[in-house]
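In what follows, a single structure is set out as structure tokens and then discussed.
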Amino acid sequence: MNILISNDDGLMANGIRALTEALSCEHDVYVIAPDRERSAAGHSLTLHTPLRVEELDPKFGAKRNWVTTGTPGDCVKIGLSAILEPHEMPDLVISGINHGPNLGADILYSGTVSCALEGAMLGFPAIATSLAGLHYEVENFAFAANFMAKFVNKIKEVNFPQKSILNINFPSLEAEDIAGIAITKLGTRMFTSKYDKRIDPRGKTYYWLAGELIEYDENDGTDINAVRQNKVSITPITFEMTHQSIMKDLEKAFCEEHTCDWFEPVEKETKKRKNKKL
């Protein structure tokens, strides 16, 4: 199959290297990645400056490689919309392997997850992959990369839902220490919201985000708990964010039976004032 790989750590990151090397043994792999680290870029896109793309010599077994000056989301969006030839369009989009976990609310900030979400938004099955560890040499990604090489063949058995991705987090362990696989929901990770206030050499004030992780969610069934138990966490995520359960309550409170007597448009109020003056 054709596989498009991207990330937020840059083309030369060891995670994307390990993933590309593992998948290119059986598949045609195309890589489009940022030209530098863009961690925590979220789902931002480049709108007000030119987006530059450069094709490089193929690396790590990929058929073709590109770098962009843009965000992780840019990489996938421009790849699917402008760069790849028709015969190169992917059967699957994979982001990662990220240098660090993307668990719980981390996904709201994650460039890695945003890569995959951009693929899903454009109608392609997509997966985000992350290594939950502190060591990022090529060998540290061996289990995760080999897992994905087998996983992409199994994914054919899944009726991949629209508007959804799979978010996979790997414990940073040797293969023999992995305790299994868990299908999970998103947990909760708590960080302090601390900024260090500093003064630069020119006397100007600046701030540096210095929040620290202070608590892990320990609820059963969450991605956080699964990784703590040395399991590979697989979480289905959708970008369909409408909160359906509250819609009826909102309709009852603000516009019951399609009447909104408590609210009148400005035009009606203005007409009333004019009529009173007349």
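Labeling convention for the structure tokens: chains A, B, ... as they appear, residues from 1 per chain, ligands from 1 in order of appearance.
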Excluding Arg198 of chain A and its own-chain neighbours fewer than 4 positions away, which residues fall within 12 Å of it when counting only C-alpha atoms? Please give them as a PyMOL selection string. chain A and resi 202-210
Selected residues written out with N, CA and C atoms, as a short mmCIF file (atom, residue, chain, number, x, y, z; two decimals), in the first residue's frame:
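Result file is selection04.cif:
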data_model
loop_
_atom_site.label_atom_id
_atom_site.label_comp_id
_atom_site.auth_asym_id
_atom_site.auth_seq_id
_atom_site.Cartn_x
_atom_site.Cartn_y
_atom_site.Cartn_z
N ARG A 202 18.77 42.99 27.14
CA ARG A 202 18.43 44.37 26.83
C ARG A 202 17.43 44.96 27.83
N GLY A 203 17.16 44.22 28.88
CA GLY A 203 16.28 44.73 29.92
C GLY A 203 14.80 44.53 29.66
N LYS A 204 14.45 43.80 28.63
CA LYS A 204 13.06 43.55 28.30
C LYS A 204 12.55 42.30 29.02
N THR A 205 11.30 42.36 29.45
CA THR A 205 10.69 41.22 30.13
C THR A 205 10.20 40.19 29.13
N TYR A 206 10.43 38.91 29.44
CA TYR A 206 9.85 37.83 28.65
C TYR A 206 9.43 36.71 29.59
N TYR A 207 8.63 35.80 29.07
CA TYR A 207 8.10 34.71 29.88
C TYR A 207 8.43 33.37 29.23
N TRP A 208 8.68 32.37 30.07
CA TRP A 208 9.01 31.03 29.58
C TRP A 208 8.08 30.03 30.27
N LEU A 209 7.31 29.29 29.46
CA LEU A 209 6.39 28.31 30.03
C LEU A 209 7.17 27.22 30.75
N ALA A 210 6.84 27.02 32.03
CA ALA A 210 7.61 26.08 32.85
C ALA A 210 6.69 25.14 33.62
#
Among segment 31-253 of chain A, which ones does DSSP place in alpha helix (DSSP H), written as a ChimeraX atom specification? /A:72-78,111-121,142-154,223-228,247-253
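For the pair atom CA of Val227 of chain A and atom CA of Ala175 of chain A, the interatomic distance is 13.9 Å.
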Name all residues at most 6 Å from segment 118-130 of chain A (count only C-alpha atoms; drop same-chain ones fewer than 3 positions away) and give them as a list in words.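 So, after excluding close chain neighbours, the residues are Leu92, Val93, Ile94, Ser95, Gly96, Ile97, Asn98, Pro101, Val113, Ser114, Cys115, Lys163, Ile165, Leu166, Asn167, Ile168 and Asn169 of chain A.
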Pull C-alpha atoms from the residues just selected and write them as a short mmCIF file (atom, residue, chain, number, x, y, z; two decimals), in the first residue's frame.
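Full text of again-v6.cif as output:
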data_model
loop_
_atom_site.label_atom_id
_atom_site.label_comp_id
_atom_site.auth_asym_id
_atom_site.auth_seq_id
_atom_site.Cartn_x
_atom_site.Cartn_y
_atom_site.Cartn_z
CA LEU A 92 -3.04 5.37 5.04
CA VAL A 93 -1.60 8.45 6.76
CA ILE A 94 0.67 7.88 9.77
CA SER A 95 2.14 10.55 12.03
CA GLY A 96 5.18 9.95 14.24
CA ILE A 97 6.71 8.16 15.91
CA ASN A 98 6.64 11.17 18.23
CA PRO A 101 3.70 10.71 24.76
CA VAL A 113 -2.07 14.12 16.48
CA SER A 114 -2.89 17.10 14.25
CA CYS A 115 -1.01 15.50 11.35
CA LYS A 163 -13.78 11.75 10.91
CA ILE A 165 -8.06 8.56 13.85
CA LEU A 166 -6.32 6.04 16.06
CA ASN A 167 -3.96 7.52 18.66
CA ILE A 168 -1.33 4.96 19.65
CA ASN A 169 1.08 5.39 22.56
#
Which residues of segment 48-167 of chain A come within 12 Å of segment 29-35 of chain A, and what is each one's closest atom pair and distance in Å (one decimal), counting only C-alpha atoms, sorted by chain and residue number, as a Markdown table?
| residue | atom | partner | partner_atom | distance |
| --- | --- | --- | --- | --- |
| A:Leu51 | CA | A:Pro34 | CA | 10.9 |
| A:Arg52 | CA | A:Asp35 | CA | 10.0 |
| A:Val53 | CA | A:Ile32 | CA | 9.0 |
| A:Glu54 | CA | A:Asp35 | CA | 9.3 |
| A:Glu55 | CA | A:Ile32 | CA | 8.9 |
| A:Leu56 | CA | A:Ile32 | CA | 10.1 |
| A:Asp57 | CA | A:Val31 | CA | 11.2 |
| A:Pro58 | CA | A:Val31 | CA | 8.9 |
| A:Lys59 | CA | A:Val31 | CA | 9.0 |
| A:Phe60 | CA | A:Val29 | CA | 9.7 |
| A:Gly61 | CA | A:Val29 | CA | 7.7 |
| A:Ala62 | CA | A:Val29 | CA | 4.9 |
| A:Lys63 | CA | A:Val29 | CA | 5.7 |
| A:Arg64 | CA | A:Tyr30 | CA | 5.2 |
| A:Asn65 | CA | A:Val31 | CA | 4.8 |
| A:Trp66 | CA | A:Ile32 | CA | 4.7 |
| A:Val67 | CA | A:Ala33 | CA | 5.1 |
| A:Thr68 | CA | A:Pro34 | CA | 5.0 |
| A:Thr69 | CA | A:Asp35 | CA | 5.8 |
| A:Gly70 | CA | A:Pro34 | CA | 6.1 |
| A:Thr71 | CA | A:Pro34 | CA | 6.4 |
| A:Pro72 | CA | A:Pro34 | CA | 6.3 |
| A:Gly73 | CA | A:Pro34 | CA | 9.6 |
| A:Asp74 | CA | A:Pro34 | CA | 8.6 |
| A:Cys75 | CA | A:Ile32 | CA | 5.7 |
| A:Val76 | CA | A:Ile32 | CA | 7.1 |
| A:Lys77 | CA | A:Ile32 | CA | 10.0 |
| A:Ile78 | CA | A:Ile32 | CA | 9.1 |
| A:Gly79 | CA | A:Ile32 | CA | 6.8 |
| A:Leu80 | CA | A:Ile32 | CA | 10.0 |
| A:Ala82 | CA | A:Ile32 | CA | 11.9 |
| A:Ile83 | CA | A:Ile32 | CA | 9.3 |
| A:Leu84 | CA | A:Tyr30 | CA | 8.6 |
| A:Glu85 | CA | A:Tyr30 | CA | 10.9 |
| A:His87 | CA | A:Tyr30 | CA | 11.7 |
| A:Glu88 | CA | A:Tyr30 | CA | 8.0 |
| A:Met89 | CA | A:Tyr30 | CA | 9.2 |
| A:Pro90 | CA | A:Tyr30 | CA | 8.4 |
| A:Asp91 | CA | A:Val29 | CA | 10.5 |
| A:Leu92 | CA | A:Val29 | CA | 9.9 |
| A:Val93 | CA | A:Tyr30 | CA | 9.7 |
| A:Ile94 | CA | A:Val31 | CA | 9.7 |
| A:Ser95 | CA | A:Ala33 | CA | 9.5 |
| A:Gly96 | CA | A:Ala33 | CA | 9.9 |
| A:Gly111 | CA | A:Pro34 | CA | 10.5 |
| A:Thr112 | CA | A:Ala33 | CA | 10.7 |
| A:Cys115 | CA | A:Ala33 | CA | 9.8 |
| A:Ala149 | CA | A:Val29 | CA | 11.8 |
Residue nearest Pro161 of chain A among A:Gly10, A:Pro236, A:Pro50, A:Gly15 (counting only C-alpha atoms):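 Among A:Gly10, A:Pro236, A:Pro50, A:Gly15, it is A:Pro236 that comes nearest to Pro161 of chain A.
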So what do you get for atom CA of His243 of chain A versus atom CA of Ser39 of chain A, distance-wise?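 Separating atom CA of His243 of chain A from atom CA of Ser39 of chain A is a distance of 28.3 Å.
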Please identify which residues in segment 83-182 of chain A DSSP calls strand (DSSP E or B) from the backbone, and express them as a list in words. Leu92, Val93, Ile94, Ser95, Gly96, Ile97, Asn98, His99, Ala126, Ile127, Ala128, Thr129, Ser130, Leu131, Ala132, Ser164, Ile165, Leu166, Asn167, Ile168, Asn169, Phe170, Pro171, Gly180, Ile181 and Ala182 of chain A
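Take atom CA of Ala145 of chain A and atom CA of Asp28 of chain A: the distance between them is 15.6 Å.
Summary of the local environment: counting only C-alpha atoms, residues at most 10 Å from segment 152-154 of chain A, other than itself and those fewer than 2 positions away along its chain, are A:Met1, A:Ile3, A:Leu23, A:Glu26, A:His27, A:Leu92, A:Ile94, A:Ile127, A:Phe147, A:Met148, A:Ala149, A:Lys150, A:Lys156, A:Glu157, A:Val158.
Shortest separation to Leu103 of chain A among A:Leu250, A:Leu19, A:Val232, A:Ala179 occurs at residue A:Val232, atoms counted being only C-alpha atoms.
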A:Asn2, A:Ser24, A:Thr242, A:Phe141 ranked by distance to Pro86 of chain A, top pick (using only C-alpha atoms):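 Selected residue with least distance to Pro86 of chain A: A:Asn2.
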For Lys231 of chain A, which of A:Ile155, A:Ile199, A:Ala142, A:Ala132 is the closest residue, counting only C-alpha atoms? A:Ala132
